[in-house]
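Enquirer: Next comes the structure file target_5.txt, holding compact mmCIF, N, CA and C atoms.
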# COMPACT_ATOMS: atom_id res chain seq x y z
N MET A 1 0.84 -1.16 0.00
CA MET A 1 0.00 0.00 0.00
C MET A 1 0.90 1.23 0.00
N SER A 2 0.56 2.19 -0.75
CA SER A 2 1.40 3.40 -0.82
C SER A 2 1.05 4.35 0.32
N GLU A 3 1.95 5.22 0.61
CA GLU A 3 1.74 6.16 1.70
C GLU A 3 0.70 7.21 1.35
N ASP A 4 0.48 7.43 0.08
CA ASP A 4 -0.48 8.45 -0.35
C ASP A 4 -1.93 7.98 -0.24
N ALA A 5 -2.12 6.68 -0.17
CA ALA A 5 -3.49 6.16 -0.12
C ALA A 5 -4.14 6.54 1.21
N GLU A 6 -5.40 6.92 1.11
CA GLU A 6 -6.12 7.32 2.31
C GLU A 6 -6.62 6.07 3.04
N LEU A 7 -6.42 6.04 4.31
CA LEU A 7 -6.89 4.94 5.13
C LEU A 7 -8.15 5.35 5.87
N ILE A 8 -8.99 4.40 6.05
CA ILE A 8 -10.21 4.67 6.81
C ILE A 8 -9.89 4.48 8.28
N GLU A 9 -10.19 5.48 9.06
CA GLU A 9 -9.95 5.38 10.48
C GLU A 9 -11.25 5.01 11.17
N ILE A 10 -11.17 4.02 12.02
CA ILE A 10 -12.35 3.57 12.76
C ILE A 10 -12.19 4.01 14.20
N ASP A 11 -13.24 4.62 14.73
CA ASP A 11 -13.20 5.05 16.12
C ASP A 11 -13.16 3.83 17.03
N LYS A 12 -12.67 4.03 18.23
CA LYS A 12 -12.63 2.94 19.19
C LYS A 12 -14.05 2.56 19.57
N MET A 13 -14.23 1.27 19.83
CA MET A 13 -15.55 0.76 20.14
C MET A 13 -15.83 0.93 21.63
N SER A 14 -17.04 1.38 21.95
CA SER A 14 -17.40 1.49 23.36
C SER A 14 -17.87 0.12 23.86
N ILE A 15 -18.01 0.00 25.16
CA ILE A 15 -18.38 -1.29 25.75
C ILE A 15 -19.78 -1.72 25.34
N ASP A 16 -20.71 -0.78 25.19
CA ASP A 16 -22.06 -1.16 24.78
C ASP A 16 -22.09 -1.59 23.32
N GLN A 17 -21.25 -1.02 22.49
CA GLN A 17 -21.17 -1.46 21.09
C GLN A 17 -20.55 -2.85 21.01
N LEU A 18 -19.56 -3.12 21.84
CA LEU A 18 -18.96 -4.45 21.88
C LEU A 18 -19.99 -5.48 22.34
N ALA A 19 -20.75 -5.13 23.36
CA ALA A 19 -21.79 -6.04 23.86
C ALA A 19 -22.83 -6.31 22.77
N GLY A 20 -23.21 -5.28 22.03
CA GLY A 20 -24.17 -5.47 20.95
C GLY A 20 -23.63 -6.39 19.86
N ALA A 21 -22.35 -6.23 19.53
CA ALA A 21 -21.75 -7.09 18.51
C ALA A 21 -21.69 -8.54 18.97
N VAL A 22 -21.35 -8.74 20.24
CA VAL A 22 -21.30 -10.10 20.78
C VAL A 22 -22.68 -10.73 20.76
N VAL A 23 -23.70 -9.98 21.15
CA VAL A 23 -25.07 -10.49 21.15
C VAL A 23 -25.49 -10.86 19.73
N LEU A 24 -25.16 -10.04 18.75
CA LEU A 24 -25.53 -10.34 17.37
C LEU A 24 -24.84 -11.62 16.88
N ILE A 25 -23.59 -11.78 17.22
CA ILE A 25 -22.86 -12.98 16.79
C ILE A 25 -23.45 -14.22 17.44
N PHE A 26 -23.69 -14.16 18.76
CA PHE A 26 -24.28 -15.31 19.45
C PHE A 26 -25.69 -15.61 18.93
N GLY A 27 -26.44 -14.57 18.60
CA GLY A 27 -27.78 -14.77 18.05
C GLY A 27 -27.74 -15.47 16.70
N ALA A 28 -26.78 -15.09 15.87
CA ALA A 28 -26.65 -15.72 14.55
C ALA A 28 -26.27 -17.19 14.70
N ILE A 29 -25.34 -17.47 15.60
CA ILE A 29 -24.92 -18.86 15.82
C ILE A 29 -26.08 -19.67 16.40
N GLY A 30 -26.81 -19.08 17.35
CA GLY A 30 -27.96 -19.77 17.94
C GLY A 30 -29.04 -20.05 16.93
N SER A 31 -29.30 -19.10 16.03
CA SER A 31 -30.32 -19.31 14.99
C SER A 31 -29.92 -20.44 14.06
N LEU A 32 -28.65 -20.49 13.69
CA LEU A 32 -28.16 -21.56 12.83
C LEU A 32 -28.32 -22.92 13.52
N LEU A 33 -27.95 -22.99 14.79
CA LEU A 33 -28.10 -24.25 15.53
C LEU A 33 -29.57 -24.64 15.65
N LEU A 34 -30.46 -23.66 15.82
CA LEU A 34 -31.88 -23.95 15.92
C LEU A 34 -32.42 -24.53 14.62
N VAL A 35 -32.00 -23.98 13.49
CA VAL A 35 -32.45 -24.51 12.20
C VAL A 35 -31.97 -25.94 12.02
N ILE A 36 -30.73 -26.18 12.38
CA ILE A 36 -30.19 -27.54 12.25
C ILE A 36 -30.94 -28.49 13.18
N TRP A 37 -31.19 -28.06 14.41
CA TRP A 37 -31.81 -28.93 15.40
C TRP A 37 -33.24 -29.26 15.02
N GLN A 38 -33.98 -28.32 14.45
CA GLN A 38 -35.38 -28.56 14.12
C GLN A 38 -35.57 -29.22 12.76
N SER A 39 -34.50 -29.43 12.05
CA SER A 39 -34.64 -30.12 10.76
C SER A 39 -34.96 -31.59 11.03
N LYS A 40 -35.50 -32.25 10.05
CA LYS A 40 -35.91 -33.65 10.21
C LYS A 40 -34.78 -34.62 9.91
N CYS A 41 -33.59 -34.12 9.70
CA CYS A 41 -32.48 -35.01 9.39
C CYS A 41 -31.81 -35.49 10.67
N HIS A 42 -31.00 -36.54 10.54
CA HIS A 42 -30.26 -37.06 11.68
C HIS A 42 -29.04 -36.18 11.89
N CYS A 43 -28.92 -35.63 13.09
CA CYS A 43 -27.76 -34.80 13.37
C CYS A 43 -27.30 -35.04 14.80
N LYS A 44 -26.03 -34.88 14.98
CA LYS A 44 -25.42 -35.08 16.28
C LYS A 44 -24.59 -33.84 16.57
N MET A 45 -24.83 -33.21 17.73
CA MET A 45 -24.12 -31.98 18.05
C MET A 45 -23.27 -32.19 19.30
N ASN A 46 -22.08 -31.68 19.24
CA ASN A 46 -21.19 -31.70 20.38
C ASN A 46 -20.80 -30.25 20.63
N LEU A 47 -21.48 -29.60 21.57
CA LEU A 47 -21.26 -28.18 21.80
C LEU A 47 -20.15 -27.97 22.82
N CYS A 48 -19.02 -27.57 22.34
CA CYS A 48 -17.87 -27.23 23.18
C CYS A 48 -17.50 -28.35 24.15
N TYR A 49 -17.75 -29.57 23.77
CA TYR A 49 -17.43 -30.74 24.59
C TYR A 49 -18.12 -30.71 25.96
N ILE A 50 -19.15 -29.89 26.08
CA ILE A 50 -19.87 -29.83 27.35
C ILE A 50 -20.97 -30.88 27.37
N PHE A 51 -21.77 -30.92 26.31
CA PHE A 51 -22.80 -31.95 26.22
C PHE A 51 -22.98 -32.33 24.77
N GLN A 52 -23.53 -33.51 24.58
CA GLN A 52 -23.70 -34.03 23.24
C GLN A 52 -25.18 -34.32 23.02
N CYS A 53 -25.71 -33.83 21.94
CA CYS A 53 -27.12 -34.00 21.63
C CYS A 53 -27.27 -34.76 20.33
N GLU A 54 -28.34 -35.51 20.24
CA GLU A 54 -28.59 -36.25 19.02
C GLU A 54 -30.06 -36.06 18.65
N ARG A 55 -30.29 -35.80 17.40
CA ARG A 55 -31.64 -35.59 16.90
C ARG A 55 -31.89 -36.57 15.77
N ARG A 56 -32.91 -37.38 15.92
CA ARG A 56 -33.26 -38.33 14.89
C ARG A 56 -34.63 -37.97 14.31
N PRO A 57 -34.85 -38.35 13.07
CA PRO A 57 -36.18 -38.10 12.50
C PRO A 57 -37.23 -38.91 13.25
N PRO A 58 -38.47 -38.45 13.28
CA PRO A 58 -39.50 -39.17 14.02
C PRO A 58 -39.75 -40.56 13.44
N SER A 59 -40.04 -41.51 14.34
CA SER A 59 -40.34 -42.88 13.91
C SER A 59 -41.77 -42.93 13.38
N GLU A 60 -42.16 -44.12 12.88
CA GLU A 60 -43.51 -44.26 12.33
C GLU A 60 -44.56 -44.09 13.42
N GLU A 61 -44.26 -44.57 14.63
CA GLU A 61 -45.22 -44.42 15.72
C GLU A 61 -45.40 -42.95 16.09
N GLU A 62 -44.30 -42.20 16.13
CA GLU A 62 -44.40 -40.78 16.42
C GLU A 62 -45.17 -40.06 15.32
N MET A 63 -44.95 -40.49 14.07
CA MET A 63 -45.67 -39.86 12.96
C MET A 63 -47.17 -40.11 13.07
N LYS A 64 -47.56 -41.32 13.51
CA LYS A 64 -48.98 -41.61 13.70
C LYS A 64 -49.56 -40.71 14.78
N GLY A 65 -48.80 -40.55 15.87
CA GLY A 65 -49.25 -39.66 16.94
C GLY A 65 -49.39 -38.23 16.47
N LEU A 66 -48.45 -37.80 15.64
CA LEU A 66 -48.52 -36.45 15.10
C LEU A 66 -49.73 -36.28 14.18
N LYS A 67 -50.03 -37.34 13.43
CA LYS A 67 -51.19 -37.29 12.54
C LYS A 67 -52.47 -37.17 13.35
N GLU A 68 -52.57 -37.93 14.44
CA GLU A 68 -53.75 -37.86 15.30
C GLU A 68 -53.89 -36.47 15.92
N GLN A 69 -52.76 -35.91 16.34
CA GLN A 69 -52.80 -34.57 16.92
C GLN A 69 -53.27 -33.54 15.89
N SER A 70 -52.80 -33.68 14.66
CA SER A 70 -53.21 -32.72 13.63
C SER A 70 -54.70 -32.86 13.33
N GLU A 71 -55.23 -34.09 13.36
CA GLU A 71 -56.67 -34.29 13.13
C GLU A 71 -57.48 -33.66 14.26
N LYS A 72 -57.00 -33.81 15.51
CA LYS A 72 -57.70 -33.19 16.63
C LYS A 72 -57.70 -31.68 16.49
N LEU A 73 -56.56 -31.11 16.06
CA LEU A 73 -56.50 -29.67 15.87
C LEU A 73 -57.44 -29.21 14.76
N LYS A 74 -57.55 -30.02 13.70
CA LYS A 74 -58.47 -29.66 12.62
C LYS A 74 -59.90 -29.64 13.14
N ASN A 75 -60.26 -30.64 13.97
CA ASN A 75 -61.61 -30.69 14.53
C ASN A 75 -61.87 -29.47 15.41
N ILE A 76 -60.88 -29.10 16.21
CA ILE A 76 -61.02 -27.93 17.08
C ILE A 76 -61.18 -26.68 16.23
N ASN A 77 -60.41 -26.59 15.15
CA ASN A 77 -60.50 -25.42 14.27
C ASN A 77 -61.87 -25.34 13.61
N LYS A 78 -62.43 -26.50 13.24
CA LYS A 78 -63.76 -26.51 12.64
C LYS A 78 -64.80 -26.01 13.63
N LYS A 79 -64.68 -26.45 14.89
CA LYS A 79 -65.63 -26.00 15.93
C LYS A 79 -65.50 -24.50 16.14
N GLU A 80 -64.26 -24.01 16.18
CA GLU A 80 -64.05 -22.58 16.35
C GLU A 80 -64.64 -21.80 15.18
N ASP A 81 -64.49 -22.33 13.97
CA ASP A 81 -65.06 -21.66 12.80
C ASP A 81 -66.58 -21.59 12.89
N LYS A 82 -67.21 -22.68 13.36
CA LYS A 82 -68.67 -22.67 13.52
C LYS A 82 -69.10 -21.62 14.54
N ILE A 83 -68.36 -21.54 15.64
CA ILE A 83 -68.69 -20.55 16.67
C ILE A 83 -68.54 -19.14 16.10
N LEU A 84 -67.47 -18.90 15.35
CA LEU A 84 -67.26 -17.58 14.75
C LEU A 84 -68.36 -17.23 13.75
N GLU A 85 -68.81 -18.24 12.99
CA GLU A 85 -69.91 -18.00 12.04
C GLU A 85 -71.18 -17.60 12.79
N LYS A 86 -71.46 -18.29 13.91
CA LYS A 86 -72.65 -17.94 14.70
C LYS A 86 -72.53 -16.53 15.26
N GLU A 87 -71.33 -16.19 15.73
CA GLU A 87 -71.13 -14.83 16.25
C GLU A 87 -71.34 -13.80 15.14
N ASP A 88 -70.85 -14.08 13.95
CA ASP A 88 -71.04 -13.16 12.83
C ASP A 88 -72.52 -12.99 12.50
N GLU A 89 -73.26 -14.10 12.54
CA GLU A 89 -74.70 -14.03 12.27
C GLU A 89 -75.39 -13.17 13.32
N ILE A 90 -75.02 -13.34 14.58
CA ILE A 90 -75.63 -12.56 15.64
C ILE A 90 -75.28 -11.08 15.48
N LEU A 91 -74.02 -10.79 15.15
CA LEU A 91 -73.62 -9.40 14.94
C LEU A 91 -74.36 -8.78 13.76
N ASP A 92 -74.54 -9.55 12.68
CA ASP A 92 -75.29 -9.04 11.53
C ASP A 92 -76.73 -8.75 11.91
N GLU A 93 -77.31 -9.63 12.72
CA GLU A 93 -78.69 -9.44 13.16
C GLU A 93 -78.81 -8.20 14.04
N VAL A 94 -77.85 -8.00 14.92
CA VAL A 94 -77.87 -6.83 15.80
C VAL A 94 -77.71 -5.56 14.97
N GLU A 95 -76.81 -5.58 13.99
CA GLU A 95 -76.61 -4.41 13.15
C GLU A 95 -77.85 -4.09 12.32
N SER A 96 -78.58 -5.13 11.89
CA SER A 96 -79.78 -4.89 11.10
C SER A 96 -80.90 -4.30 11.97
N GLN A 97 -80.85 -4.54 13.27
CA GLN A 97 -81.88 -4.03 14.16
C GLN A 97 -81.51 -2.69 14.78
N LYS A 98 -80.43 -2.08 14.35
CA LYS A 98 -80.01 -0.82 14.93
C LYS A 98 -81.05 0.28 14.70
N GLY A 99 -81.74 0.25 13.60
CA GLY A 99 -82.71 1.28 13.30
C GLY A 99 -83.96 1.17 14.15
N THR A 100 -84.26 0.02 14.69
CA THR A 100 -85.47 -0.16 15.48
C THR A 100 -85.23 0.35 16.90
N PRO A 101 -86.21 1.02 17.47
CA PRO A 101 -86.04 1.52 18.83
C PRO A 101 -86.02 0.38 19.84
N ARG A 102 -85.23 0.54 20.83
CA ARG A 102 -85.14 -0.47 21.88
C ARG A 102 -85.70 0.11 23.17
N LEU A 103 -86.19 -0.77 23.99
CA LEU A 103 -86.68 -0.35 25.29
C LEU A 103 -85.52 -0.43 26.27
N ILE A 104 -85.07 0.73 26.67
CA ILE A 104 -83.97 0.79 27.61
C ILE A 104 -84.53 1.36 28.91
N PRO A 105 -84.32 0.68 30.00
CA PRO A 105 -84.84 1.22 31.25
C PRO A 105 -84.16 2.54 31.59
N GLU A 106 -84.98 3.45 32.11
CA GLU A 106 -84.42 4.75 32.45
C GLU A 106 -83.58 4.63 33.70
N ILE A 107 -82.47 5.28 33.66
CA ILE A 107 -81.57 5.28 34.80
C ILE A 107 -81.67 6.64 35.45
N LYS A 108 -82.04 6.65 36.72
CA LYS A 108 -82.16 7.91 37.42
C LYS A 108 -80.79 8.32 37.92
N ILE A 109 -80.40 9.49 37.52
CA ILE A 109 -79.11 10.01 37.93
C ILE A 109 -79.36 10.89 39.15
N GLN A 110 -78.75 10.54 40.22
CA GLN A 110 -78.91 11.32 41.44
C GLN A 110 -77.90 12.45 41.45
N GLU A 111 -78.41 13.60 41.80
CA GLU A 111 -77.51 14.74 41.90
C GLU A 111 -76.80 14.67 43.24
N PRO A 112 -75.55 15.09 43.28
CA PRO A 112 -74.84 15.03 44.56
C PRO A 112 -75.43 16.01 45.57
N GLU A 113 -75.37 15.62 46.82
CA GLU A 113 -75.89 16.50 47.87
C GLU A 113 -74.97 17.71 48.01
N PRO A 114 -75.55 18.85 48.27
CA PRO A 114 -74.69 20.02 48.47
C PRO A 114 -73.90 19.89 49.75
N GLU A 115 -72.70 20.43 49.72
CA GLU A 115 -71.87 20.36 50.91
C GLU A 115 -72.39 21.36 51.94
N PRO A 116 -72.26 20.99 53.20
CA PRO A 116 -72.76 21.92 54.23
C PRO A 116 -71.88 23.18 54.25
N GLU A 117 -72.56 24.27 54.51
CA GLU A 117 -71.84 25.54 54.55
C GLU A 117 -71.16 25.68 55.90
N LEU A 118 -69.99 26.23 55.85
CA LEU A 118 -69.23 26.45 57.08
C LEU A 118 -69.64 27.78 57.68
N THR A 119 -69.89 27.78 58.95
CA THR A 119 -70.24 29.03 59.61
C THR A 119 -69.04 29.50 60.41
N THR A 120 -68.76 30.75 60.33
CA THR A 120 -67.67 31.32 61.10
C THR A 120 -68.19 32.19 62.21
N LYS A 121 -67.54 32.20 63.32
CA LYS A 121 -67.98 33.01 64.44
C LYS A 121 -67.20 34.27 64.54
When written as structure tokens, how does the structure in this file appear?
Expert:
Amino acid sequence: MSEDAELIEIDKMSIDQLAGAVVLIFGAIGSLLLVIWQSKCHCKMNLCYIFQCERRPPSEEEMKGLKEQSEKLKNINKKEDKILEKEDEILDEVESQKGTPRLIPEIKIQEPEPEPELTTK
């Protein structure tokens, strides 16, 4: 590099900027490990020789259980959809009756009692 070339000077990093950079790096590594761990492939992880984890794809029995769970969720979703449809019908009915007068009981508003007057001697 020649002496005439301009160099970019970088200011010194403060402690909070260093902490932010470390958090970003750890977050990226954690996200990568999460993607690998949740994949359906067989993987074995040895994290810093502290512990060893192994992830295997689900067996046929687990897949059957997952299928049953998904069917139960579908049934629950269908029931929720029916309830929402009924609520929509009721709301539509209420909105259509907005023009009709309703009988609302009158509420008597009581006026506050006047405060007693102070007498001075």
Enquirer: Would you compute the distance between CA of Lys64 (chain A) and CA of Trp37 (chain A)? Give it in Å to one decimal.
Expert: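 Computing it gives 21.4 Å between the two atoms.
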Enquirer: Calculate how many Å separate CA of Lys12 (chain A) from CA of Ile25 (chain A), rounding to one decimal.
Expert: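 These two atoms are separated by 19.1 Å.
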Enquirer: Could you jot down the atom C of Asn75 (chain A) to atom C of Ser59 (chain A) separation for me, Å, one decimal place?
Expert: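 Separating atom C of Asn75 (chain A) from atom C of Ser59 (chain A) is a distance of 24.3 Å.
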